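Asks: Just dropping this structure here.
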Amino acid sequence: MELFLQRLFDGLSQGSVYALIALGLVIIYRGTGHLNFAQGEMALFATYVVYQMGEWGWSIYPALLVGVLVGFVVGAVAEVALVRPVSKKSPFAVFIVTIGLFQFLNWLDGAIWGDQLLPNSGVGSKQSEFPSLFPDKPDDFVSIFGAAIKIESICVFLLVLAITGLLFLLFNKTKFGLSMRAVASNIESAKLVGIRTNTVLMASWGLAAAIGAIGGVVFAGINNNVNLGLMFTVFIYGSAAATLGGFDSPGGAVIGGLAIGVIENMVAGYLPEWVGQEMKIAVAFIVIVVVLLFKPSGLFGTSKVERV
Amino acid sequence: MTGVLHLSGVRAGYGQVNVLDDLSLEVGSGEIVVILGANGAGKTTTLRAVSGMIGRSGTIEFDGHSIAKSSPDAIVRAGVAQVPQGRGTFPELSVEDNLRTGAFVRSDREVGADIDRWFEVFPRLHERRTQRAGSLSGGEQQMLAIARALMSRPRLLLCDEPSLGLAPLITQELFQVITRLNAETGLSVLLVEQNANLAMQIASRVYLLETGRIVATGSAEELSADDSVRKAYLGF
């Protein structure tokens, strides 16, 4: 029972990070129908900025604020300068551009914060120490039903719930949220009612990258480490989460992220010989394949139905 | 008669292809002007040129001010609302949220009161206020699209083939609503249609559009008296 609870909370806190990346993917996909391959790397860039602020003596919370702002700007600029010009030509071009942005940002991080003259895939590169947002000393535990649960895990989980709540309010109770939903639903009609669709798309990318930045900082904090490969697997888990929850459902992204985190930890914990820590990323791929086979729109996504 | 909308020498199209070629027309204050034309004549393109959705050149004036270079949102703010062709609603949004988007350019506090007002005019939308717009019938969606356009409190309403895909009875009902609004509020209307019979009944004036040019204009009576027009558009 204790072991189960520990694995559950470990899973929830890791899943929280996947949920944040998945949220970013979903916000962009809803707005434009594009899958942003650079989501993880935009988050990593912002995370490195936060790391840099720390090196300059800032404490983690004001540094996080700067990182979120930087993330927003990176996302907004990427949309205006790269995605918008090519999306007029072809959706495949956007696909290639986001992969290019992925490569570029990772190279840039390596050039600034790495330790190699010619940084490459990030494997075996410099590991820089990174502070956690929450108490994570060896004795920062609480006891729940006899299981020792990290305070950090609980805080991360609560943070994601808070962000999800705020996003829900933004989407459903504000004028900006209404314009985002309108653009996602029918961009032509959104223009006709006077919505500045370009501004909305720019802000959507900014918002997605800002949320990703929080995800990156939280994940680096859990690991107490930032390195060039930090977001590779997180991005895959985040994609699996968005696939599971439904690519057009923010709520689904969060539930999908938490579910993937828990499944991954349970499978790795209870099947140590079959799966274990080394193979647990396969779980994410299996989830993607199974969901695509049996419910392609995801658990909470809407399948496109049109009345004729 | 003071003109609300004035077009002259308008060219517009998609990419290199010009659909409208030297188009001129006028909508007077409080008029219901109908543009009749066959498929591909340029009816939708005319409306899209006015609402700023496509590249265009020439003179387009609304209330005496040029809108030929304005963006779609500036044109909505100026007081022109377009009901797009077919199902131009937001299918994933509730009926009420659809109406709310129509008030996007407004910042006053009377949006809620306006929503209630249109629910009175279209009781069926009221019944379905929390339903997703995509689940409505074609007629209900067309009503929703009109109500949404009116939420911006326009002085000129552009309607793109409201009868498309609707039963004649529903079309008649829609046209009655448009006539009533026109009579009660002085709303000017520019309506494009293929369905000449119904549209001619509510028109103050009619233009005939053929391959991007106006080929005839006059009152509904004048045009239905014209033999060639009658044969081509009214079928008797």
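As shown in the structure tokens, the chain order sets the letters A, B, ...; within each chain, residues go from 1, and ligands are also counted from 1 in the order they appear.
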Show me, as a ChimeraX atom specification, the residues of chain B whose atoms get within 7 Å of chain A, using only C-alpha atoms for the distance check.

Replies: /B:72-73,76,82,88-92,101-102,104-105

Asks: Please save C-alpha atoms of the selected residues as an mmCIF file, in the first residue's frame.

Replies:
```
data_model
loop_
_atom_site.group_PDB
_atom_site.id
_atom_site.type_symbol
_atom_site.label_atom_id
_atom_site.label_comp_id
_atom_site.auth_asym_id
_atom_site.auth_seq_id
_atom_site.Cartn_x
_atom_site.Cartn_y
_atom_site.Cartn_z
ATOM 1 C CA PRO B 72 -11.924 43.006 -41.472
ATOM 2 C CA ASP B 73 -12.021 43.901 -37.786
ATOM 3 C CA VAL B 76 -16.873 45.405 -38.343
ATOM 4 C CA GLN B 82 -21.474 39.871 -42.693
ATOM 5 C CA GLY B 88 -20.676 30.156 -40.737
ATOM 6 C CA THR B 89 -21.272 29.564 -37.037
ATOM 7 C CA PHE B 90 -18.760 28.299 -34.491
ATOM 8 C CA PRO B 91 -19.878 24.657 -34.295
ATOM 9 C CA GLU B 92 -17.970 23.821 -31.086
ATOM 10 C CA THR B 101 -18.542 36.514 -30.217
ATOM 11 C CA GLY B 102 -20.805 38.718 -32.332
ATOM 12 C CA PHE B 104 -16.622 41.098 -29.793
ATOM 13 C CA VAL B 105 -16.048 44.628 -31.074
#
```

Asks: Might you pull out every residue within 9 Å of segment 284-289 of chain A, with only C-alpha atoms counted and same-chain residues fewer than 4 positions away left off, and present them as number ranges by chain?

Replies: A: 236-237, 239-241, 243-244, 260, 263-264, 280, 293-294

Asks: Leaving out Ser8 of chain B and any residue of its chain fewer than 4 positions from it, which residues lie within 7 Å of it when counting only C-alpha atoms, given as an MDAnalysis selection string?

Replies: chainID B and resid 23:25 58:60

Asks: When you look at segment 158-161 of chain A with a cut-off of 10 Å (counting only C-alpha atoms), what residues show up, excluding the ones that are within fewer than 4 positions of it in the same chain? I need them as number ranges by chain.

Replies: A: 12-13, 15-17, 19-20, 152-154, 165-167, 214-215, 218, 254, 258

Asks: Restrict the selected residues to C-alpha atoms and save them as a PDB file, in the first residue's frame.

Replies:
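That gives us result.pdb:
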```
ATOM      1  CA  LEU A  12       1.372  12.351 -10.468  1.00  0.00           C
ATOM      2  CA  SER A  13       4.280  14.758 -10.077  1.00  0.00           C
ATOM      3  CA  GLY A  15       2.692  13.432 -14.998  1.00  0.00           C
ATOM      4  CA  SER A  16       2.212  17.065 -13.994  1.00  0.00           C
ATOM      5  CA  VAL A  17       5.199  18.016 -16.124  1.00  0.00           C
ATOM      6  CA  ALA A  19       0.517  17.730 -18.552  1.00  0.00           C
ATOM      7  CA  LEU A  20       2.131  21.173 -18.837  1.00  0.00           C
ATOM      8  CA  GLU A 152       7.736  18.476  -3.654  1.00  0.00           C
ATOM      9  CA  SER A 153       5.538  15.935  -5.436  1.00  0.00           C
ATOM     10  CA  ILE A 154       2.418  17.242  -3.739  1.00  0.00           C
ATOM     11  CA  GLY A 165      -7.978  26.068 -13.106  1.00  0.00           C
ATOM     12  CA  LEU A 166      -6.626  29.432 -14.246  1.00  0.00           C
ATOM     13  CA  LEU A 167      -6.589  28.283 -17.877  1.00  0.00           C
ATOM     14  CA  ILE A 214       6.811  26.471 -16.176  1.00  0.00           C
ATOM     15  CA  GLY A 215       6.913  22.782 -17.120  1.00  0.00           C
ATOM     16  CA  VAL A 218       9.405  22.308 -12.617  1.00  0.00           C
ATOM     17  CA  VAL A 254      -3.966  17.397 -18.064  1.00  0.00           C
ATOM     18  CA  LEU A 258      -1.259  12.634 -15.106  1.00  0.00           C
TER      19      LEU A 258
END
```

Asks: I want to know what sits within 9 Å of Val73 of chain A, based on only C-alpha atoms, with residues of the same chain fewer than 3 positions away left out; could you give that as a PyMOL selection string?

Replies: chain A and resi 68-70+76-78+205-206+209-210

Asks: Can you tell me, as a PyMOL selection string, what residues are no more than 7 Å from Thr98 of chain A when counting only C-alpha atoms, ignoring any on the same chain fewer than 6 positions away?

Replies: chain A and resi 36-38

Asks: Just checking: using only C-alpha atoms, which residue out of B:Ser228, B:Ser57, B:Asn39, B:Ser137 ends up closest to Asp21 of chain B?

Replies: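 Between B:Ser228, B:Ser57, B:Asn39, B:Ser137, the residue approaching Asp21 of chain B most closely is B:Ser57.
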
Asks: DSSP on the backbone, strand (DSSP E) only: what residues of segment 15-205 of chain B does that give? Format it as a ChimeraX atom specification.

Replies: /B:17-28,32-37,56-62,65-66,80-83,156-160,188-193,205

Asks: Hey, what's within 10 Å of Ala133 of chain B if we count only C-alpha atoms and toss same-chain stuff fewer than 2 positions away? As a list in words, please?

Replies: Arg87, Thr89, Phe90, Pro91, Glu92, Leu93, Ser94, Val95, Glu96, Asp97, Asn98, Leu125, Arg128, Arg129, Thr130, Gln131, Ser135, Leu136, Ser137, Glu140, Gln141, Leu144 and Ala145 of chain B

Asks: Take the selection from the previous step and output its residues with C-alpha atoms, as a PDB file, in the first residue's frame.

Replies:
```
ATOM      1  CA  ARG B  87     -22.939  27.356 -41.859  1.00  0.00           C
ATOM      2  CA  THR B  89     -21.272  29.564 -37.037  1.00  0.00           C
ATOM      3  CA  PHE B  90     -18.760  28.299 -34.491  1.00  0.00           C
ATOM      4  CA  PRO B  91     -19.878  24.657 -34.295  1.00  0.00           C
ATOM      5  CA  GLU B  92     -17.970  23.821 -31.086  1.00  0.00           C
ATOM      6  CA  LEU B  93     -19.294  26.844 -29.192  1.00  0.00           C
ATOM      7  CA  SER B  94     -22.656  27.063 -27.475  1.00  0.00           C
ATOM      8  CA  VAL B  95     -25.417  29.130 -29.057  1.00  0.00           C
ATOM      9  CA  GLU B  96     -24.977  31.772 -26.382  1.00  0.00           C
ATOM     10  CA  ASP B  97     -21.190  31.942 -26.857  1.00  0.00           C
ATOM     11  CA  ASN B  98     -21.734  32.292 -30.609  1.00  0.00           C
ATOM     12  CA  LEU B 125     -32.237  29.786 -30.311  1.00  0.00           C
ATOM     13  CA  ARG B 128     -31.049  25.735 -27.473  1.00  0.00           C
ATOM     14  CA  ARG B 129     -28.910  28.392 -25.812  1.00  0.00           C
ATOM     15  CA  THR B 130     -26.531  25.932 -24.112  1.00  0.00           C
ATOM     16  CA  GLN B 131     -26.384  23.507 -27.038  1.00  0.00           C
ATOM     17  CA  SER B 135     -25.952  20.393 -33.394  1.00  0.00           C
ATOM     18  CA  LEU B 136     -28.532  22.875 -34.706  1.00  0.00           C
ATOM     19  CA  SER B 137     -30.495  22.372 -37.902  1.00  0.00           C
ATOM     20  CA  GLU B 140     -31.439  27.383 -36.868  1.00  0.00           C
ATOM     21  CA  GLN B 141     -27.772  27.847 -37.755  1.00  0.00           C
ATOM     22  CA  LEU B 144     -27.879  32.069 -35.320  1.00  0.00           C
ATOM     23  CA  ALA B 145     -25.514  33.477 -37.945  1.00  0.00           C
TER      24      ALA B 145
END
```

Asks: Using Å and a single decimal, report how far atom CA of Arg148 of chain B sits from atom CA of Leu99 of chain B.

Replies: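 So the two atoms, atom CA of Leu99 of chain B and atom CA of Arg148 of chain B, lie 4.7 Å apart.
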
Asks: Quick one: pull the distance between atom CA of Leu8 of chain A and atom CA of Phe141 of chain A, Å, one decimal.

Replies: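 Those two atoms sit 14.9 Å apart.
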
Asks: Would you return as a count of residues only the members of segment 27-147 of chain B that DSSP assigns to alpha helix (DSSP H) on this structure's backbone?

Replies: 49
